[in-house]
Amino acid sequence: MITAYPLTWPATMPRRKATREKGAFKTSLAGALTNVRNSLHLFGRDSGKTTGNLVISSNVSLGETKPSDPGVAVWFVWDGMQVCIPVDRYLTVEANLQAIHHIIEARRVEMRHGTLALVRASFTGFVALPAPATPPHWREVLGIGPGVVETKAIIEDQFKRMLKKNHPDMPGGSHDAMAELNQAREDALREIGQ
């Protein structure tokens, strides 16, 4: 599932956490967002293949414009391909967005001086595999609603109740369901400090 927030990073691309650079871009966050959107629109126009399903994914939220993880992944569909251009080279979200703008502009240059086939070939490196599935929250797996104050006793009771449904020896149970249940119990106990 590709989300605008929090950052959905493609599984095929390694992260660059330790060696991020300042970057020389003089662009605001709003300006960089506009540049990326405009570049994608112009790229679609130039190629004769519209871009769609745009998701600009980052850790920017209403209350946080300078997140500790400034990575950005721009997901879109072009010519029937799900494409993702991820950048986390720079220290700020706006610099990473501006870099993505320049990457898209480079594809426009390929279009002007090469062929559509050349651009398709260069985009194959950006073809996105599905984002890794996010496992369900332990509350969902254990059947503990958000209004319940979690204690070790409640977690253990719910674990035992769900064990009767998910154990591989029970009808409808499976090894995968049991592994998910065990992980949920472990996550729940760790979250409450047990």
# chains A, B, ... in the order shown; residues from 1 in each chain; ligands from 1
$ select_by_dssp --residues "region 12-182 of chain A" --states "helix (DSSP H, G or I)" --output "ChimeraX atom specification"
/A:29-47,93-113,116-126,138-142,152-166,175-182
$ write_last_selection --atoms "C-alpha atoms" --output "compact mmCIF listing (two decimals), in the first residue's frame"
# COMPACT_ATOMS: atom_id res chain seq x y z
CA LEU A 29 9.12 22.76 0.14
CA ALA A 30 6.14 24.26 -1.70
CA GLY A 31 8.34 25.21 -4.65
CA ALA A 32 9.88 21.74 -4.88
CA LEU A 33 6.42 20.12 -4.77
CA THR A 34 5.27 22.40 -7.59
CA ASN A 35 8.40 21.60 -9.62
CA VAL A 36 7.85 17.83 -9.31
CA ARG A 37 4.18 18.09 -10.28
CA ASN A 38 4.94 20.37 -13.24
CA SER A 39 7.81 18.17 -14.44
CA LEU A 40 5.59 15.08 -14.37
CA HIS A 41 2.85 16.91 -16.27
CA LEU A 42 5.31 18.13 -18.91
CA PHE A 43 6.94 14.71 -19.15
CA GLY A 44 3.53 13.15 -19.79
CA ARG A 45 2.76 15.76 -22.43
CA ASP A 46 6.15 15.35 -24.15
CA SER A 47 5.89 11.56 -24.20
CA VAL A 93 12.75 16.95 2.12
CA GLU A 94 12.76 19.92 -0.23
CA ALA A 95 16.26 19.09 -1.52
CA ASN A 96 15.26 15.47 -2.14
CA LEU A 97 12.11 16.61 -3.96
CA GLN A 98 14.13 19.03 -6.08
CA ALA A 99 16.50 16.19 -6.99
CA ILE A 100 13.49 14.14 -8.15
CA HIS A 101 12.38 17.13 -10.25
CA HIS A 102 15.81 17.09 -11.95
CA ILE A 103 15.62 13.32 -12.52
CA ILE A 104 12.26 13.76 -14.28
CA GLU A 105 13.68 16.66 -16.30
CA ALA A 106 16.53 14.36 -17.39
CA ARG A 107 13.92 11.97 -18.81
CA ARG A 108 12.47 14.93 -20.75
CA VAL A 109 15.94 15.59 -22.20
CA GLU A 110 16.14 11.92 -23.22
CA MET A 111 12.75 12.34 -24.90
CA ARG A 112 13.89 15.41 -26.87
CA HIS A 113 17.21 13.95 -28.01
CA LEU A 116 10.38 6.96 -26.53
CA ALA A 117 12.05 3.53 -26.47
CA LEU A 118 15.13 5.06 -24.82
CA VAL A 119 12.99 6.66 -22.12
CA ARG A 120 11.11 3.41 -21.53
CA ALA A 121 14.45 1.64 -21.15
CA SER A 122 15.75 4.21 -18.67
CA PHE A 123 12.51 4.00 -16.70
CA THR A 124 12.80 0.25 -16.25
CA GLY A 125 15.18 0.97 -13.40
CA PHE A 126 12.44 2.97 -11.70
CA TRP A 138 -0.81 -6.09 17.31
CA ARG A 139 -4.13 -4.71 18.63
CA GLU A 140 -5.86 -5.89 15.46
CA VAL A 141 -4.28 -9.35 15.57
CA LEU A 142 -5.03 -9.83 19.27
CA LYS A 152 0.20 -8.09 30.51
CA ALA A 153 -2.81 -10.06 31.78
CA ILE A 154 -5.13 -8.72 29.06
CA ILE A 155 -2.54 -9.38 26.35
CA GLU A 156 -1.95 -12.95 27.58
CA ASP A 157 -5.71 -13.64 27.85
CA GLN A 158 -6.33 -12.39 24.31
CA PHE A 159 -3.32 -14.36 23.05
CA LYS A 160 -4.76 -17.58 24.56
CA ARG A 161 -8.21 -16.84 23.13
CA MET A 162 -6.79 -16.20 19.63
CA LEU A 163 -4.50 -19.24 19.94
CA LYS A 164 -7.61 -21.45 19.80
CA LYS A 165 -8.46 -19.99 16.38
CA ASN A 166 -5.01 -19.58 14.83
CA HIS A 175 1.50 -21.63 10.52
CA ASP A 176 1.34 -18.09 9.06
CA ALA A 177 -1.55 -17.09 11.35
CA MET A 178 0.31 -18.52 14.33
CA ALA A 179 3.50 -16.65 13.41
CA GLU A 180 1.51 -13.41 13.11
CA LEU A 181 -0.13 -14.05 16.50
CA ASN A 182 3.22 -14.75 18.19
$ residues_around --residues "region 12-24 of chain A" --least-positions-apart "5" --cutoff "7 Å" --atoms "only C-alpha atoms" --output "short mmCIF file (atom, residue, chain, number, x, y, z; two decimals) with N, CA and C atoms, in the first residue's frame"
data_model
loop_
_atom_site.label_atom_id
_atom_site.label_comp_id
_atom_site.auth_asym_id
_atom_site.auth_seq_id
_atom_site.Cartn_x
_atom_site.Cartn_y
_atom_site.Cartn_z
N ASP A 88 16.89 9.97 -1.08
CA ASP A 88 17.16 10.38 0.31
C ASP A 88 18.62 10.79 0.46
N ARG A 89 19.18 11.33 -0.61
CA ARG A 89 20.58 11.75 -0.61
C ARG A 89 20.83 12.99 0.25
N TYR A 90 19.81 13.86 0.34
CA TYR A 90 19.99 15.16 0.97
C TYR A 90 19.35 15.24 2.36
N LEU A 91 19.75 16.25 3.11
CA LEU A 91 19.32 16.40 4.50
C LEU A 91 17.90 16.94 4.67
N ALA A 95 15.11 19.40 -0.65
CA ALA A 95 16.26 19.09 -1.52
C ALA A 95 16.05 17.76 -2.23
#
$ residues_around --residues "Cys84 (chain A)" --least-positions-apart "2" --cutoff "12 Å" --atoms "only C-alpha atoms" --output "PyMOL selection string"
chain A and resi 2+8-13+53-57+72-78+81-82+86-87+100+103-104+123-131
$ write_last_selection --atoms "N, CA and C atoms" --output "compact mmCIF listing (two decimals), in the first residue's frame"
# COMPACT_ATOMS: atom_id res chain seq x y z
N ILE A 2 0.76 2.07 -0.99
CA ILE A 2 1.56 3.29 -1.11
C ILE A 2 0.83 4.40 -0.37
N THR A 8 6.59 5.74 2.13
CA THR A 8 6.58 4.39 1.55
C THR A 8 7.78 4.31 0.62
N TRP A 9 8.80 3.59 1.05
CA TRP A 9 10.05 3.47 0.29
C TRP A 9 10.04 2.16 -0.48
N PRO A 10 10.48 2.13 -1.73
CA PRO A 10 10.47 0.88 -2.49
C PRO A 10 11.49 -0.12 -1.92
N ALA A 11 11.07 -1.38 -1.86
CA ALA A 11 11.92 -2.43 -1.29
C ALA A 11 13.19 -2.65 -2.10
N THR A 12 13.18 -2.24 -3.37
CA THR A 12 14.33 -2.49 -4.25
C THR A 12 15.45 -1.47 -4.11
N MET A 13 15.23 -0.41 -3.35
CA MET A 13 16.21 0.68 -3.28
C MET A 13 16.78 0.78 -1.86
N ASN A 53 -2.05 8.61 -11.02
CA ASN A 53 -1.93 7.98 -9.70
C ASN A 53 -0.71 8.49 -8.92
N LEU A 54 -0.48 9.78 -8.98
CA LEU A 54 0.67 10.38 -8.31
C LEU A 54 0.52 10.32 -6.79
N VAL A 55 1.56 9.80 -6.14
CA VAL A 55 1.65 9.83 -4.67
C VAL A 55 3.05 10.31 -4.34
N ILE A 56 3.12 11.45 -3.66
CA ILE A 56 4.41 11.95 -3.18
C ILE A 56 4.50 11.54 -1.73
N SER A 57 5.34 10.55 -1.47
CA SER A 57 5.40 9.93 -0.15
C SER A 57 6.60 10.44 0.65
N VAL A 72 12.18 10.97 0.25
CA VAL A 72 10.97 11.19 -0.53
C VAL A 72 10.92 10.13 -1.62
N ALA A 73 9.74 9.59 -1.84
CA ALA A 73 9.53 8.66 -2.95
C ALA A 73 8.32 9.15 -3.75
N VAL A 74 8.54 9.41 -5.03
CA VAL A 74 7.46 9.86 -5.90
C VAL A 74 7.00 8.65 -6.72
N TRP A 75 5.77 8.24 -6.48
CA TRP A 75 5.16 7.08 -7.14
C TRP A 75 4.16 7.58 -8.18
N PHE A 76 4.16 6.99 -9.36
CA PHE A 76 3.18 7.34 -10.37
C PHE A 76 3.12 6.24 -11.42
N VAL A 77 2.09 6.30 -12.24
CA VAL A 77 1.94 5.35 -13.35
C VAL A 77 2.19 6.12 -14.64
N TRP A 78 3.03 5.56 -15.49
CA TRP A 78 3.33 6.14 -16.81
C TRP A 78 3.38 5.01 -17.82
N MET A 81 3.19 1.56 -16.61
CA MET A 81 4.18 1.10 -15.63
C MET A 81 3.99 1.83 -14.30
N GLN A 82 4.04 1.09 -13.18
CA GLN A 82 4.10 1.70 -11.86
C GLN A 82 5.55 2.10 -11.64
N PRO A 86 12.77 7.33 -5.87
CA PRO A 86 13.05 7.64 -4.47
C PRO A 86 14.40 8.34 -4.32
N VAL A 87 14.45 9.35 -3.46
CA VAL A 87 15.71 10.04 -3.19
C VAL A 87 15.79 10.35 -1.70
N ILE A 100 14.44 14.93 -7.36
CA ILE A 100 13.49 14.14 -8.15
C ILE A 100 13.01 14.95 -9.35
N ILE A 103 15.62 14.66 -11.92
CA ILE A 103 15.62 13.32 -12.52
C ILE A 103 14.53 13.22 -13.59
N ILE A 104 13.35 13.77 -13.29
CA ILE A 104 12.26 13.76 -14.28
C ILE A 104 12.64 14.63 -15.48
N PHE A 123 13.49 4.10 -17.78
CA PHE A 123 12.51 4.00 -16.70
C PHE A 123 12.41 2.59 -16.12
N THR A 124 12.91 1.60 -16.81
CA THR A 124 12.80 0.25 -16.25
C THR A 124 13.51 0.14 -14.91
N GLY A 125 14.52 0.96 -14.70
CA GLY A 125 15.18 0.97 -13.40
C GLY A 125 14.33 1.57 -12.30
N PHE A 126 13.33 2.35 -12.68
CA PHE A 126 12.44 2.97 -11.70
C PHE A 126 11.14 2.20 -11.52
N VAL A 127 10.95 1.14 -12.32
CA VAL A 127 9.72 0.37 -12.20
C VAL A 127 9.63 -0.16 -10.79
N ALA A 128 8.53 0.11 -10.17
CA ALA A 128 8.38 -0.19 -8.75
C ALA A 128 7.74 -1.54 -8.52
N LEU A 129 8.41 -2.34 -7.71
CA LEU A 129 7.76 -3.53 -7.20
C LEU A 129 6.79 -3.06 -6.14
N PRO A 130 5.81 -3.86 -5.81
CA PRO A 130 4.88 -3.42 -4.78
C PRO A 130 5.62 -3.10 -3.48
N ALA A 131 5.13 -2.10 -2.77
CA ALA A 131 5.72 -1.77 -1.48
C ALA A 131 5.54 -2.96 -0.55
$ select_by_dssp --residues "region 4-148 of chain A" --states "strand (DSSP E)" --output "list in words"
Thr51, Gly52, Asn53, Leu54, Val55, Ile56, Ser57, Ser58, Val72, Ala73, Val74, Trp75, Phe76, Val77, Trp78, Met81, Gln82, Val83, Cys84, Ile85, Pro86 and Val87 of chain A
$ atom_distance --atom1 "CA of Glu191 (chain A)" --atom2 "CA of Pro6 (chain A)"
20.0 Å
$ atom_distance --atom1 "CA of Ser58 (chain A)" --atom2 "CA of Tyr5 (chain A)"
5.7 Å
